[in-house]
Structures are given as structure tokens and as C-alpha cells.
Amino acid sequence: VTELLEATSEVIDKQILTKIRESRIISIMADEGTDINHHRNLSICIRYCNQDTGQYIIALY
């Protein structure tokens, strides 16, 4: 199951990156936080315009 999830995730990431590279308008927002156990977490939000539909898409990592 883990291998299937990793493979699917890789394909989806590549598709999203391709669409971001094709877009002429993007914005990136990053935020880092530390939890109670001092583990650092980085959240990345990428907003881009889908060239086919003209809709803005948000990808979270």
C-alpha cells in the first residue's frame, strides 16, 4: 500500500509541477511553525492560474 501511495503521489506532483511551469502567473507563500515537541513544520502554498480554464488553483505542501 505504501509503495502505491508513493508512486501515485509522485505522478500527481509531476502533473502539478508541469501545470505550474506552464502558468504565467504564480504566487508562493511559506510558513514555518514549531510544535510543542520542537518539531519544525514547513507549509507551502502555491497558487497558479490554469491556462486551459482560467481558474486559479491552490496546491498545499
# chains A, B, ... in the order shown; residues from 1 in each chain; ligands from 1
call {"tool": "select_by_dssp", "arguments": {"residues": "chain A", "states": "strand (DSSP E)", "output": "list of chain:residue names"}}
result
A:Ile26, A:Ser27, A:Ile28, A:Met29, A:Ala30, A:Asp31, A:Glu32, A:Gly33, A:Thr34, A:Arg40, A:Asn41, A:Leu42, A:Ser43, A:Ile44, A:Cys45, A:Ile46, A:Arg47, A:Tyr48, A:Cys49, A:Tyr56, A:Ile57, A:Ile58, A:Ala59, A:Leu60
call {"tool": "write_last_selection", "arguments": {"atoms": "N, CA and C atoms", "output": "PDB file, in the first residue's frame"}}
result
ATOM      1  N   ILE A  26       1.980  32.994 -10.920  1.00  0.00           N
ATOM      2  CA  ILE A  26       2.031  32.139  -9.729  1.00  0.00           C
ATOM      3  C   ILE A  26       2.325  32.997  -8.505  1.00  0.00           C
ATOM      4  N   SER A  27       1.940  32.505  -7.348  1.00  0.00           N
ATOM      5  CA  SER A  27       2.344  33.115  -6.085  1.00  0.00           C
ATOM      6  C   SER A  27       2.692  31.981  -5.130  1.00  0.00           C
ATOM      7  N   ILE A  28       3.666  32.236  -4.279  1.00  0.00           N
ATOM      8  CA  ILE A  28       4.130  31.224  -3.328  1.00  0.00           C
ATOM      9  C   ILE A  28       4.125  31.834  -1.935  1.00  0.00           C
ATOM     10  N   MET A  29       3.575  31.087  -0.977  1.00  0.00           N
ATOM     11  CA  MET A  29       3.566  31.528   0.408  1.00  0.00           C
ATOM     12  C   MET A  29       4.109  30.375   1.250  1.00  0.00           C
ATOM     13  N   ALA A  30       5.034  30.672   2.132  1.00  0.00           N
ATOM     14  CA  ALA A  30       5.612  29.645   3.000  1.00  0.00           C
ATOM     15  C   ALA A  30       5.522  30.101   4.454  1.00  0.00           C
ATOM     16  N   ASP A  31       5.280  29.154   5.355  1.00  0.00           N
ATOM     17  CA  ASP A  31       5.179  29.457   6.774  1.00  0.00           C
ATOM     18  C   ASP A  31       5.760  28.285   7.556  1.00  0.00           C
ATOM     19  N   GLU A  32       6.571  28.619   8.544  1.00  0.00           N
ATOM     20  CA  GLU A  32       7.176  27.580   9.372  1.00  0.00           C
ATOM     21  C   GLU A  32       6.672  27.733  10.797  1.00  0.00           C
ATOM     22  N   GLY A  33       6.402  26.610  11.425  1.00  0.00           N
ATOM     23  CA  GLY A  33       5.970  26.618  12.813  1.00  0.00           C
ATOM     24  C   GLY A  33       6.636  25.479  13.561  1.00  0.00           C
ATOM     25  N   THR A  34       6.685  25.608  14.873  1.00  0.00           N
ATOM     26  CA  THR A  34       7.272  24.575  15.722  1.00  0.00           C
ATOM     27  C   THR A  34       6.193  24.084  16.676  1.00  0.00           C
ATOM     28  N   ARG A  40       9.898  21.080  13.713  1.00  0.00           N
ATOM     29  CA  ARG A  40       9.615  22.158  12.777  1.00  0.00           C
ATOM     30  C   ARG A  40       8.740  21.635  11.640  1.00  0.00           C
ATOM     31  N   ASN A  41       7.764  22.438  11.266  1.00  0.00           N
ATOM     32  CA  ASN A  41       6.864  22.093  10.165  1.00  0.00           C
ATOM     33  C   ASN A  41       6.857  23.246   9.171  1.00  0.00           C
ATOM     34  N   LEU A  42       7.031  22.932   7.910  1.00  0.00           N
ATOM     35  CA  LEU A  42       7.014  23.941   6.859  1.00  0.00           C
ATOM     36  C   LEU A  42       5.812  23.692   5.961  1.00  0.00           C
ATOM     37  N   SER A  43       4.974  24.694   5.839  1.00  0.00           N
ATOM     38  CA  SER A  43       3.815  24.624   4.944  1.00  0.00           C
ATOM     39  C   SER A  43       4.075  25.528   3.753  1.00  0.00           C
ATOM     40  N   ILE A  44       3.793  25.020   2.564  1.00  0.00           N
ATOM     41  CA  ILE A  44       3.983  25.797   1.345  1.00  0.00           C
ATOM     42  C   ILE A  44       2.668  25.802   0.576  1.00  0.00           C
ATOM     43  N   CYS A  45       2.232  26.986   0.200  1.00  0.00           N
ATOM     44  CA  CYS A  45       1.014  27.156  -0.580  1.00  0.00           C
ATOM     45  C   CYS A  45       1.404  27.796  -1.910  1.00  0.00           C
ATOM     46  N   ILE A  46       1.052  27.143  -3.007  1.00  0.00           N
ATOM     47  CA  ILE A  46       1.349  27.663  -4.341  1.00  0.00           C
ATOM     48  C   ILE A  46       0.025  27.911  -5.040  1.00  0.00           C
ATOM     49  N   ARG A  47      -0.169  29.137  -5.507  1.00  0.00           N
ATOM     50  CA  ARG A  47      -1.388  29.490  -6.242  1.00  0.00           C
ATOM     51  C   ARG A  47      -0.986  29.795  -7.674  1.00  0.00           C
ATOM     52  N   TYR A  48      -1.672  29.176  -8.618  1.00  0.00           N
ATOM     53  CA  TYR A  48      -1.339  29.392 -10.023  1.00  0.00           C
ATOM     54  C   TYR A  48      -2.605  29.393 -10.859  1.00  0.00           C
ATOM     55  N   CYS A  49      -2.507  29.933 -12.056  1.00  0.00           N
ATOM     56  CA  CYS A  49      -3.647  30.022 -12.961  1.00  0.00           C
ATOM     57  C   CYS A  49      -3.576  28.883 -13.970  1.00  0.00           C
ATOM     58  N   TYR A  56      -7.999  29.802 -10.900  1.00  0.00           N
ATOM     59  CA  TYR A  56      -6.850  29.776 -10.009  1.00  0.00           C
ATOM     60  C   TYR A  56      -6.897  28.508  -9.169  1.00  0.00           C
ATOM     61  N   ILE A  57      -5.760  27.848  -9.057  1.00  0.00           N
ATOM     62  CA  ILE A  57      -5.643  26.585  -8.334  1.00  0.00           C
ATOM     63  C   ILE A  57      -4.696  26.796  -7.157  1.00  0.00           C
ATOM     64  N   ILE A  58      -4.992  26.164  -6.037  1.00  0.00           N
ATOM     65  CA  ILE A  58      -4.121  26.243  -4.866  1.00  0.00           C
ATOM     66  C   ILE A  58      -3.589  24.849  -4.560  1.00  0.00           C
ATOM     67  N   ALA A  59      -2.263  24.730  -4.459  1.00  0.00           N
ATOM     68  CA  ALA A  59      -1.616  23.468  -4.108  1.00  0.00           C
ATOM     69  C   ALA A  59      -0.943  23.647  -2.753  1.00  0.00           C
ATOM     70  N   LEU A  60      -1.180  22.742  -1.832  1.00  0.00           N
ATOM     71  CA  LEU A  60      -0.601  22.816  -0.492  1.00  0.00           C
ATOM     72  C   LEU A  60       0.392  21.683  -0.293  1.00  0.00           C
TER      73      LEU A  60
END
call {"tool": "select_by_dssp", "arguments": {"residues": "chain A", "states": "alpha helix (DSSP H)", "output": "ChimeraX atom specification"}}
result
/A:2-22
call {"tool": "atom_distance", "arguments": {"atom1": "atom CA of A:Leu17", "atom2": "atom CA of A:Gln51"}}
result
13.5 Å
call {"tool": "closest_residue", "arguments": {"among": "A:Asn37, A:Thr8, A:Gln15, A:Ser23", "to": "A:Asn50", "atoms": "only C-alpha atoms"}}
result
A:Ser23
call {"tool": "atom_distance", "arguments": {"atom1": "atom CA of A:Leu4", "atom2": "atom CA of A:Lys19"}}
result
22.9 Å
call {"tool": "atom_distance", "arguments": {"atom1": "atom CA of A:Gln55", "atom2": "atom CA of A:Ile25"}}
result
11.2 Å
call {"tool": "closest_residue", "arguments": {"among": "A:Arg24, A:Ile36, A:Thr18, A:Ser9", "to": "A:Gly54", "atoms": "only C-alpha atoms"}}
result
A:Arg24
call {"tool": "decode", "arguments": {"residues": "stretch 34-59 of chain A", "atoms": "N, CA and C atoms", "output": "compact mmCIF listing (two decimals), in the first residue's frame"}}
result
# COMPACT_ATOMS: atom_id res chain seq x y z
N THR A 34 6.69 25.61 14.87
CA THR A 34 7.27 24.58 15.72
C THR A 34 6.19 24.08 16.68
N ASP A 35 6.05 22.76 16.80
CA ASP A 35 5.04 22.24 17.71
C ASP A 35 5.61 22.13 19.12
N ILE A 36 4.82 21.60 20.02
CA ILE A 36 5.21 21.53 21.43
C ILE A 36 6.44 20.66 21.66
N ASN A 37 6.71 19.71 20.75
CA ASN A 37 7.88 18.84 20.86
C ASN A 37 9.08 19.39 20.10
N HIS A 38 9.00 20.64 19.68
CA HIS A 38 10.07 21.33 18.95
C HIS A 38 10.35 20.72 17.58
N HIS A 39 9.33 20.13 16.97
CA HIS A 39 9.46 19.64 15.59
C HIS A 39 9.05 20.78 14.66
N ARG A 40 9.90 21.08 13.71
CA ARG A 40 9.62 22.16 12.78
C ARG A 40 8.74 21.63 11.64
N ASN A 41 7.76 22.44 11.27
CA ASN A 41 6.86 22.09 10.17
C ASN A 41 6.86 23.25 9.17
N LEU A 42 7.03 22.93 7.91
CA LEU A 42 7.01 23.94 6.86
C LEU A 42 5.81 23.69 5.96
N SER A 43 4.97 24.69 5.84
CA SER A 43 3.82 24.62 4.94
C SER A 43 4.08 25.53 3.75
N ILE A 44 3.79 25.02 2.56
CA ILE A 44 3.98 25.80 1.34
C ILE A 44 2.67 25.80 0.58
N CYS A 45 2.23 26.99 0.20
CA CYS A 45 1.01 27.16 -0.58
C CYS A 45 1.40 27.80 -1.91
N ILE A 46 1.05 27.14 -3.01
CA ILE A 46 1.35 27.66 -4.34
C ILE A 46 0.03 27.91 -5.04
N ARG A 47 -0.17 29.14 -5.51
CA ARG A 47 -1.39 29.49 -6.24
C ARG A 47 -0.99 29.80 -7.67
N TYR A 48 -1.67 29.18 -8.62
CA TYR A 48 -1.34 29.39 -10.02
C TYR A 48 -2.60 29.39 -10.86
N CYS A 49 -2.51 29.93 -12.06
CA CYS A 49 -3.65 30.02 -12.96
C CYS A 49 -3.58 28.88 -13.97
N ASN A 50 -4.65 28.11 -14.06
CA ASN A 50 -4.74 27.04 -15.05
C ASN A 50 -4.97 27.68 -16.42
N GLN A 51 -4.06 27.47 -17.34
CA GLN A 51 -4.13 28.09 -18.66
C GLN A 51 -5.34 27.63 -19.47
N ASP A 52 -5.81 26.41 -19.25
CA ASP A 52 -6.93 25.88 -20.02
C ASP A 52 -8.28 26.47 -19.59
N THR A 53 -8.46 26.62 -18.27
CA THR A 53 -9.76 27.05 -17.75
C THR A 53 -9.77 28.49 -17.26
N GLY A 54 -8.59 29.05 -16.99
CA GLY A 54 -8.52 30.40 -16.43
C GLY A 54 -8.79 30.43 -14.93
N GLN A 55 -8.98 29.27 -14.31
CA GLN A 55 -9.24 29.20 -12.88
C GLN A 55 -7.94 29.21 -12.09
N TYR A 56 -8.00 29.80 -10.90
CA TYR A 56 -6.85 29.78 -10.01
C TYR A 56 -6.90 28.51 -9.17
N ILE A 57 -5.76 27.85 -9.06
CA ILE A 57 -5.64 26.59 -8.33
C ILE A 57 -4.70 26.80 -7.16
N ILE A 58 -4.99 26.16 -6.04
CA ILE A 58 -4.12 26.24 -4.87
C ILE A 58 -3.59 24.85 -4.56
N ALA A 59 -2.26 24.73 -4.46
CA ALA A 59 -1.62 23.47 -4.11
C ALA A 59 -0.94 23.65 -2.75
